[in-house]
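Colleague: Just query16.csv, nothing more (CSV, C-alpha atoms):
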```csv
chain,number,residue,atom,x,y,z
E,1,MET,CA,0.0,0.0,0.0
E,2,ARG,CA,1.1,3.5,-0.7
E,3,TRP,CA,1.0,5.9,2.3
E,4,ASN,CA,1.0,9.6,2.9
E,5,ASP,CA,2.1,11.5,6.0
E,6,VAL,CA,3.9,8.6,7.8
E,7,TYR,CA,7.5,8.7,8.7
E,8,ILE,CA,10.3,7.1,10.6
E,9,ALA,CA,11.0,9.7,13.3
E,10,GLY,CA,13.5,7.8,15.5
E,11,LEU,CA,15.6,4.7,15.5
E,12,GLY,CA,17.4,2.9,18.3
E,13,THR,CA,19.4,-0.2,19.1
E,14,ARG,CA,20.9,-2.0,22.1
E,15,LEU,CA,23.5,-4.3,20.7
E,16,PRO,CA,25.9,-6.4,22.9
E,17,SER,CA,29.5,-7.3,22.2
E,18,PRO,CA,30.4,-9.7,19.3
E,19,GLU,CA,31.7,-13.2,19.8
E,20,PRO,CA,34.1,-14.2,16.9
E,21,ALA,CA,33.0,-17.1,14.8
E,22,GLU,CA,36.6,-18.4,14.8
E,23,THR,CA,36.3,-18.8,18.6
E,24,ALA,CA,33.1,-20.9,18.2
E,25,VAL,CA,34.9,-23.0,15.6
E,26,SER,CA,38.0,-23.6,17.8
E,27,GLU,CA,35.8,-24.6,20.7
E,28,GLY,CA,33.8,-27.1,18.5
E,29,ARG,CA,30.6,-25.1,18.7
E,30,TYR,CA,30.4,-24.1,15.0
E,31,SER,CA,31.2,-26.2,12.0
E,32,ALA,CA,34.4,-25.2,10.3
E,33,GLN,CA,32.8,-25.9,6.9
E,34,GLU,CA,29.8,-23.7,7.6
E,35,PHE,CA,32.2,-21.0,8.9
E,36,LYS,CA,34.0,-21.1,5.5
E,37,ASP,CA,30.7,-21.3,3.5
E,38,ASN,CA,28.6,-18.7,5.3
E,39,GLU,CA,31.4,-16.1,5.6
E,40,LEU,CA,30.0,-14.9,9.0
E,41,LEU,CA,32.7,-13.3,11.2
E,42,SER,CA,30.9,-12.9,14.5
E,43,VAL,CA,27.5,-12.7,16.3
E,44,LEU,CA,26.4,-10.4,19.1
E,45,VAL,CA,26.0,-12.2,22.4
E,46,SER,CA,24.2,-10.9,25.5
E,47,GLU,CA,25.7,-12.8,28.5
E,48,GLU,CA,23.0,-11.6,31.0
E,49,GLU,CA,20.8,-8.8,29.7
E,50,PRO,CA,17.3,-10.2,28.8
E,51,ALA,CA,15.8,-9.6,25.4
E,52,VAL,CA,13.0,-7.4,26.8
E,53,ASP,CA,15.6,-5.1,28.6
E,54,MET,CA,17.5,-4.7,25.3
E,55,ALA,CA,14.2,-3.9,23.6
E,56,ALA,CA,13.4,-1.3,26.2
E,57,ALA,CA,16.8,0.3,26.0
E,58,ALA,CA,16.5,0.6,22.2
E,59,GLY,CA,13.0,2.0,22.7
E,60,ARG,CA,14.3,4.7,25.0
E,61,GLN,CA,17.0,5.7,22.5
E,62,ALA,CA,14.5,5.8,19.6
E,63,MET,CA,12.2,8.0,21.6
E,64,ALA,CA,15.0,10.4,22.5
E,65,ARG,CA,16.0,10.6,18.9
E,66,SER,CA,12.5,11.1,17.6
E,67,GLY,CA,11.7,14.3,19.3
E,68,ARG,CA,8.3,12.9,20.3
E,69,SER,CA,7.0,12.7,23.8
E,70,ALA,CA,5.5,9.7,25.5
E,71,GLU,CA,2.1,11.4,25.2
E,72,ASP,CA,2.4,11.3,21.4
E,73,ILE,CA,2.6,7.4,21.4
E,74,ARG,CA,-0.8,5.9,20.4
E,75,LEU,CA,0.4,2.3,20.1
E,76,LEU,CA,3.3,0.1,21.2
E,77,LEU,CA,4.1,-3.1,19.3
E,78,HIS,CA,6.8,-5.5,20.5
E,79,ALA,CA,8.0,-8.2,18.2
E,80,HIS,CA,10.3,-11.2,18.8
E,81,THR,CA,11.3,-14.6,17.5
E,82,TYR,CA,12.4,-16.5,20.6
E,83,HIS,CA,11.8,-16.8,24.4
E,84,GLN,CA,11.3,-13.5,26.2
E,85,GLY,CA,12.3,-14.6,29.6
E,86,GLU,CA,9.0,-15.9,31.0
E,87,ASP,CA,6.1,-18.2,30.0
E,88,LEU,CA,2.5,-17.0,29.9
E,89,TRP,CA,3.5,-13.3,30.2
E,90,THR,CA,3.1,-10.0,28.3
E,91,PRO,CA,6.5,-8.7,27.3
E,92,ALA,CA,5.0,-5.8,25.4
E,93,THR,CA,3.6,-4.2,28.6
E,94,TYR,CA,7.0,-4.8,30.3
E,95,VAL,CA,8.6,-2.8,27.5
E,96,GLN,CA,5.9,-0.1,27.7
E,97,GLN,CA,6.5,0.3,31.4
E,98,ARG,CA,10.2,0.9,30.9
E,99,THR,CA,9.9,3.2,27.9
E,100,ILE,CA,6.8,5.4,27.6
E,101,GLY,CA,4.4,4.3,30.3
E,102,GLY,CA,0.9,5.6,29.8
E,103,GLY,CA,-2.2,3.9,28.7
E,104,ALA,CA,-1.7,3.3,24.9
E,105,PRO,CA,-2.4,-0.2,23.8
E,106,SER,CA,0.7,-2.5,23.8
E,107,VAL,CA,0.7,-5.7,21.8
E,108,GLN,CA,3.1,-8.6,21.5
E,109,LEU,CA,3.8,-9.9,18.0
E,110,ASN,CA,5.3,-13.4,18.0
E,111,HIS,CA,5.8,-13.3,14.2
E,112,ALA,CA,9.3,-14.7,14.1
E,113,CYS,CA,11.9,-13.0,11.8
E,114,ASP,CA,9.3,-10.8,10.0
E,115,GLY,CA,8.0,-9.4,13.3
E,116,GLY,CA,9.7,-6.0,13.2
E,117,MET,CA,8.7,-5.4,9.6
E,118,VAL,CA,5.1,-6.5,10.0
E,119,SER,CA,4.8,-4.3,13.1
E,120,LEU,CA,5.7,-1.3,10.9
E,121,HIS,CA,3.1,-2.4,8.3
E,122,LEU,CA,0.3,-2.8,10.9
E,123,ALA,CA,1.1,0.4,12.8
E,124,ILE,CA,0.7,2.7,9.8
E,125,PRO,CA,-3.1,2.4,9.2
E,126,TYR,CA,-3.6,2.6,13.0
E,127,LEU,CA,-1.8,5.9,13.0
E,128,LEU,CA,-3.6,7.2,10.0
E,129,ALA,CA,-7.0,6.4,11.5
E,130,GLY,CA,-6.2,8.5,14.6
E,131,PRO,CA,-5.5,12.2,15.2
E,132,ALA,CA,-2.7,14.0,13.4
E,133,GLY,CA,0.7,14.0,15.0
E,134,GLY,CA,0.3,10.5,16.5
E,135,ALA,CA,3.2,8.1,16.8
E,136,ALA,CA,3.9,4.4,17.4
E,137,LEU,CA,6.8,2.8,19.2
E,138,LEU,CA,7.9,-0.5,17.6
E,139,THR,CA,10.4,-2.6,19.4
E,140,THR,CA,12.1,-6.0,18.9
E,141,GLY,CA,14.2,-8.0,21.3
E,142,ASP,CA,15.8,-11.5,21.1
E,143,ARG,CA,18.3,-13.5,23.0
E,144,PHE,CA,19.2,-16.9,21.7
E,145,ALA,CA,20.6,-18.6,24.8
E,146,PRO,CA,21.1,-22.2,25.8
E,147,PRO,CA,19.9,-24.7,26.8
E,148,GLY,CA,16.9,-24.2,24.5
E,149,PHE,CA,18.8,-22.6,21.6
E,150,ASP,CA,22.2,-23.1,20.0
E,151,ARG,CA,23.0,-19.9,18.1
E,152,TRP,CA,25.7,-21.5,16.0
E,153,SER,CA,24.0,-24.8,15.0
E,154,SER,CA,20.2,-24.8,15.8
E,155,ASP,CA,19.6,-23.7,12.2
E,156,ILE,CA,21.4,-23.9,8.9
E,157,GLY,CA,22.7,-21.2,6.7
E,158,LEU,CA,22.8,-18.5,9.4
E,159,ALA,CA,23.9,-17.8,13.0
E,160,PHE,CA,21.9,-15.9,15.6
E,161,GLY,CA,22.8,-12.7,17.4
E,162,ASP,CA,21.2,-11.0,20.4
E,163,GLY,CA,20.0,-7.5,20.6
E,164,GLY,CA,17.1,-5.0,20.9
E,165,THR,CA,15.9,-2.5,18.2
E,166,ALA,CA,13.3,0.2,18.0
E,167,VAL,CA,11.5,2.5,15.5
E,168,VAL,CA,9.3,5.4,16.2
E,169,ALA,CA,6.8,5.7,13.3
E,170,ALA,CA,5.0,9.0,13.3
E,171,ARG,CA,2.7,11.3,11.4
E,172,GLY,CA,3.8,14.9,10.6
E,173,GLY,CA,7.5,14.5,9.7
E,174,GLY,CA,10.6,12.5,10.4
E,175,ILE,CA,14.0,11.5,9.0
E,176,ALA,CA,12.5,9.1,6.4
E,177,ARG,CA,9.1,9.1,4.7
E,178,ILE,CA,7.4,5.7,4.4
E,179,LEU,CA,6.3,5.6,0.7
E,180,ALA,CA,4.8,2.1,0.8
E,181,THR,CA,4.7,-1.2,2.6
E,182,HIS,CA,3.4,-4.6,1.6
E,183,SER,CA,3.0,-7.9,3.5
E,184,SER,CA,2.1,-11.3,2.2
E,185,SER,CA,2.3,-15.0,3.3
E,186,ASP,CA,2.3,-18.5,1.9
E,187,PRO,CA,1.0,-21.0,4.5
E,188,TYR,CA,2.2,-23.9,2.3
E,189,PHE,CA,5.5,-23.4,4.1
E,190,GLU,CA,4.0,-23.6,7.6
E,191,GLY,CA,5.5,-27.1,8.0
E,192,LEU,CA,9.0,-26.0,7.1
E,193,TYR,CA,9.7,-25.1,10.8
E,194,ARG,CA,7.2,-27.5,12.5
E,195,ASP,CA,8.6,-30.8,13.7
E,196,THR,CA,6.2,-33.0,11.8
E,197,GLU,CA,8.1,-36.2,13.0
E,198,ARG,CA,7.7,-35.5,16.7
E,199,GLY,CA,4.2,-33.9,16.6
E,200,PHE,CA,2.9,-31.3,19.1
E,201,THR,CA,4.1,-31.2,22.7
E,202,ASP,CA,2.5,-30.2,26.0
E,203,ALA,CA,5.3,-27.7,27.0
E,204,PRO,CA,8.4,-26.0,25.6
E,205,HIS,CA,11.8,-27.7,25.4
E,206,LEU,CA,10.7,-31.0,27.0
E,207,GLU,CA,13.7,-32.8,25.5
E,208,GLY,CA,16.1,-30.5,27.3
E,209,THR,CA,18.3,-30.1,24.2
E,210,PRO,CA,18.6,-27.1,21.8
E,211,LEU,CA,16.0,-26.7,19.0
E,212,ASP,CA,16.9,-28.6,15.9
E,213,LEU,CA,15.5,-26.3,13.3
E,214,ARG,CA,17.8,-27.5,10.6
E,215,GLY,CA,16.4,-31.0,10.9
E,216,ARG,CA,12.9,-29.7,10.4
E,217,LYS,CA,13.9,-27.8,7.3
E,218,ILE,CA,15.8,-30.7,5.7
E,219,ARG,CA,12.9,-33.1,6.2
E,220,PHE,CA,10.4,-30.6,4.7
E,221,ALA,CA,12.7,-30.0,1.7
E,222,GLN,CA,13.3,-33.7,1.1
E,223,ARG,CA,9.5,-34.4,1.3
E,224,GLU,CA,8.5,-31.5,-1.0
E,225,GLY,CA,11.5,-31.3,-3.2
E,226,VAL,CA,14.4,-28.8,-2.9
E,227,ASP,CA,13.9,-27.2,-6.3
E,228,ALA,CA,10.1,-26.8,-5.8
E,229,VAL,CA,10.7,-25.2,-2.4
E,230,ILE,CA,13.3,-22.7,-3.7
E,231,ASP,CA,11.2,-21.9,-6.8
E,232,ARG,CA,8.0,-21.2,-4.7
E,233,LEU,CA,9.9,-19.1,-2.1
E,234,SER,CA,11.6,-17.1,-4.8
E,235,ALA,CA,8.4,-16.4,-6.7
E,236,ALA,CA,6.6,-15.2,-3.5
E,237,LEU,CA,9.5,-12.9,-2.6
E,238,VAL,CA,9.6,-11.4,-6.1
E,239,GLU,CA,5.8,-10.8,-6.2
E,240,ASN,CA,5.9,-9.0,-2.8
E,241,VAL,CA,8.8,-6.8,-3.8
E,242,GLU,CA,7.4,-5.9,-7.1
E,243,GLN,CA,4.1,-5.0,-5.4
E,244,VAL,CA,5.8,-2.6,-2.9
E,245,LEU,CA,7.9,-1.0,-5.6
E,246,GLY,CA,4.9,-0.5,-7.8
E,247,ASP,CA,2.9,1.0,-4.9
E,248,ALA,CA,5.8,3.4,-4.2
E,249,GLY,CA,6.1,4.2,-7.9
E,250,VAL,CA,9.8,3.4,-8.0
E,251,GLY,CA,12.2,0.8,-9.5
E,252,MET,CA,14.8,-1.4,-7.9
E,253,ASP,CA,17.5,0.4,-9.8
E,254,GLN,CA,16.6,3.6,-7.9
E,255,MET,CA,17.3,2.1,-4.4
E,256,ALA,CA,20.4,3.6,-2.8
E,257,LYS,CA,20.4,0.9,-0.1
E,258,LEU,CA,18.8,-2.5,0.5
E,259,VAL,CA,18.4,-3.7,4.1
E,260,LEU,CA,18.1,-7.5,4.0
E,261,PRO,CA,18.0,-10.2,6.7
E,262,ASN,CA,21.4,-11.0,8.2
E,263,LEU,CA,22.1,-14.5,6.7
E,264,GLY,CA,25.0,-16.5,5.7
E,265,LYS,CA,26.2,-15.8,2.1
E,266,PRO,CA,24.8,-18.9,0.4
E,267,LEU,CA,21.4,-18.6,2.0
E,268,LEU,CA,21.3,-14.9,1.3
E,269,SER,CA,22.3,-15.5,-2.3
E,270,TRP,CA,19.6,-18.0,-3.3
E,271,GLN,CA,16.9,-16.7,-1.1
E,272,LEU,CA,17.2,-13.0,-1.9
E,273,LEU,CA,20.0,-11.8,-4.1
E,274,ALA,CA,19.4,-14.2,-7.1
E,275,PRO,CA,15.5,-13.9,-7.2
E,276,LEU,CA,15.7,-10.1,-6.9
E,277,LYS,CA,18.7,-9.7,-9.2
E,278,ILE,CA,20.5,-7.5,-6.8
E,279,ASP,CA,24.1,-7.1,-5.7
E,280,LEU,CA,25.4,-7.5,-2.1
E,281,ASP,CA,27.2,-4.2,-2.3
E,282,ARG,CA,24.0,-2.1,-1.9
E,283,SER,CA,23.3,-3.8,1.5
E,284,PRO,CA,25.0,-3.5,4.8
E,285,TRP,CA,26.5,-7.0,4.5
E,286,GLU,CA,29.8,-6.1,6.1
E,287,TRP,CA,27.9,-5.0,9.2
E,288,GLY,CA,25.5,-7.9,9.1
E,289,ARG,CA,28.2,-10.6,8.9
E,290,ARG,CA,29.6,-9.3,12.2
E,291,THR,CA,26.2,-9.0,13.9
E,292,GLY,CA,24.3,-12.2,13.2
E,293,HIS,CA,20.6,-12.7,12.6
E,294,LEU,CA,18.8,-10.6,15.2
E,295,GLY,CA,15.5,-12.5,15.0
E,296,ALA,CA,12.8,-9.9,14.4
E,297,GLY,CA,15.2,-6.9,14.4
E,298,ASP,CA,17.6,-7.1,11.4
E,299,GLN,CA,15.8,-4.4,9.3
E,300,PHE,CA,15.4,-1.9,12.2
E,301,ALA,CA,19.1,-2.4,13.2
E,302,GLY,CA,20.3,-2.3,9.7
E,303,LEU,CA,18.5,1.0,9.0
E,304,THR,CA,19.9,2.4,12.2
E,305,TYR,CA,23.4,1.4,11.2
E,306,LEU,CA,23.0,3.1,7.8
E,307,PHE,CA,22.0,6.4,9.4
E,308,GLU,CA,24.6,6.2,12.2
E,309,SER,CA,27.5,5.4,9.8
E,310,GLY,CA,26.6,8.2,7.4
E,311,GLN,CA,25.8,6.0,4.4
E,312,LEU,CA,22.5,7.8,3.6
E,313,ARG,CA,21.8,11.2,2.0
E,314,ARG,CA,18.7,13.3,1.7
E,315,GLY,CA,16.6,11.9,-1.2
E,316,ASP,CA,18.0,8.4,-1.0
E,317,LEU,CA,15.5,5.5,-1.5
E,318,VAL,CA,15.9,2.5,0.8
E,319,LEU,CA,14.2,-0.9,0.5
E,320,LEU,CA,13.7,-2.9,3.7
E,321,VAL,CA,13.0,-6.6,3.1
E,322,GLY,CA,11.7,-8.8,5.9
E,323,VAL,CA,11.3,-12.6,5.6
E,324,GLY,CA,9.8,-14.8,8.2
E,325,ILE,CA,9.1,-18.5,8.7
E,326,GLY,CA,5.6,-19.6,8.0
E,327,TYR,CA,6.3,-18.2,5.3
E,328,CYS,CA,5.8,-14.4,5.3
E,329,TRP,CA,7.3,-11.4,3.7
E,330,THR,CA,7.0,-7.7,4.6
E,331,THR,CA,8.7,-4.9,2.6
E,332,ALA,CA,8.9,-1.2,2.8
E,333,VAL,CA,10.2,1.7,0.6
E,334,LEU,CA,11.6,4.7,2.4
E,335,GLU,CA,12.7,8.1,1.2
E,336,VAL,CA,15.3,9.8,3.3
E,337,GLN,CA,14.2,13.3,4.4
E,338,SER,CA,17.2,14.3,6.5
E,339,VAL,CA,20.3,12.8,8.1
E,340,PRO,CA,20.2,13.6,11.8
E,341,ASP,CA,23.0,14.4,14.2
E,342,TRP,CA,21.9,12.2,17.1
E,343,SER,CA,24.8,13.0,19.4
E,344,GLY,CA,22.8,15.3,21.7
E,345,ALA,CA,19.8,12.9,21.8
E,346,ASP,CA,22.1,10.0,22.7
E,347,ALA,CA,23.7,12.0,25.5
E,348,GLU,CA,20.2,12.6,26.9
E,349,THR,CA,19.4,8.9,26.5
E,350,LEU,CA,22.5,8.0,28.5
E,351,ARG,CA,21.5,10.5,31.2
E,352,VAL,CA,18.0,9.0,31.5
E,353,LEU,CA,19.4,5.5,31.6
E,354,GLY,CA,21.8,6.4,34.3
```
Now that the file is in, can you turn its structure into structure tokens?
Modeller:
Amino acid sequence: MRWNDVYIAGLGTRLPSPEPAETAVSEGRYSAQEFKDNELLSVLVSEEEPAVDMAAAAGRQAMARSGRSAEDIRLLLHAHTYHQGEDLWTPATYVQQRTIGGGAPSVQLNHACDGGMVSLHLAIPYLLAGPAGGAALLTTGDRFAPPGFDRWSSDIGLAFGDGGTAVVAARGGGIARILATHSSSDPYFEGLYRDTERGFTDAPHLEGTPLDLRGRKIRFAQREGVDAVIDRLSAALVENVEQVLGDAGVGMDQMAKLVLPNLGKPLLSWQLLAPLKIDLDRSPWEWGRRTGHLGAGDQFAGLTYLFESGQLRRGDLVLLVGVGIGYCWTTAVLEVQSVPDWSGADAETLRVLG
């Protein structure tokens, strides 16, 4: 859909320190062959800080940078991929209490790796239906910790990093105008990440061992046919991207930057680069290969990095591509309005955080 008067007003991240992939290889926690093939250099690891606290810290930074007040926030959406620290609990209200407070609705989106992007897509019509000047705080937070998850080997083709990210989407102006977003899904792929051999369970992690996502994917691909799976995934991605570009009235060749999921190079190549006929040099790959896959937060973190590192200019067009299991795709086209100096806002954020 094409949008008017909706902007990215603020961005924030809370990213822990990296753990070198070579260390994981030397300790037998990461396959030497996959290290060579994927070309990932490190992932971010939070030793203690929970996912929701990283999300809240990112949210406070995004708010400070946005120039909006807590009273401007009409909606808070918190997205994640993995465990948030407690069962049968509402992490969105936890994040709300530690960011903006107040009485705006806060909603948890357990929408896997497409969660951050779909929160942006869903927040826009909510804001447009409300009073002028309204804003939404969108956060993500994930921590892929043992014993339930092995960041280096639970899945294939990628490695998982920890971190929190946030976006303030707002009416009335910001650093980037949201020209269009589009979200779609293909439930044919629901079984790709469901353990059809084991069946449903009564509680999480009953086996006491890390999730074996790669085994689920391999069994699905063997059953359905690898080529058929790749072809159908590629077609759905291309259809989604063509739709959002058409809605925005722009072409792929006009994109200054492409923010893609942080994946290993082979997976990134066949799942995104080849179908879309794009080159890696327009994406923040050198940053992403040091960060790891941040669950729901790759796109928000990647966009933040592009602004912070000075790689964007006024008038630049940016394509954000979200891909999630299930399978779902959410994309957005942004037009940069200004390149902010966030140093003052960051100082105020640090003061508030103590």
Colleague: Would you please work out which residue, of E:Ala123, E:Val168, E:Leu11, E:Ala92, is nearest to Asp72 in chain E when using only C-alpha atoms?
Modeller: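 Smallest distance to Asp72 in chain E is found for E:Val168.
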Colleague: So, with all atoms listed in the file as the atoms that count, which of E:Arg143, E:Arg223, E:His80, E:Arg151 lies closest to Gly324 in chain E?
Modeller: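 Among the listed residues, the smallest separation from Gly324 in chain E belongs to E:His80.
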Colleague: Pick from E:Pro340, E:Gly163, E:Gly288, E:Gly322: nearest to Tyr82 in chain E, with all atoms listed in the file counted?
Modeller: E:Gly163
Colleague: Of the residues E:Met54, E:Leu179, E:Ala332, E:Ile124, which is the one nearest to Gly12 in chain E, using all atoms listed in the file?
Modeller: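 Using all atoms listed in the file, Gly12 in chain E sits closest to E:Met54.
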Colleague: Given only C-alpha atoms as the basis, pick out the residue of E:Leu15, E:Ser234, E:Ser338, E:Val259 nearest to Ala274 in chain E.
Modeller: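 For Ala274 in chain E, the nearest of the given residues is E:Ser234.
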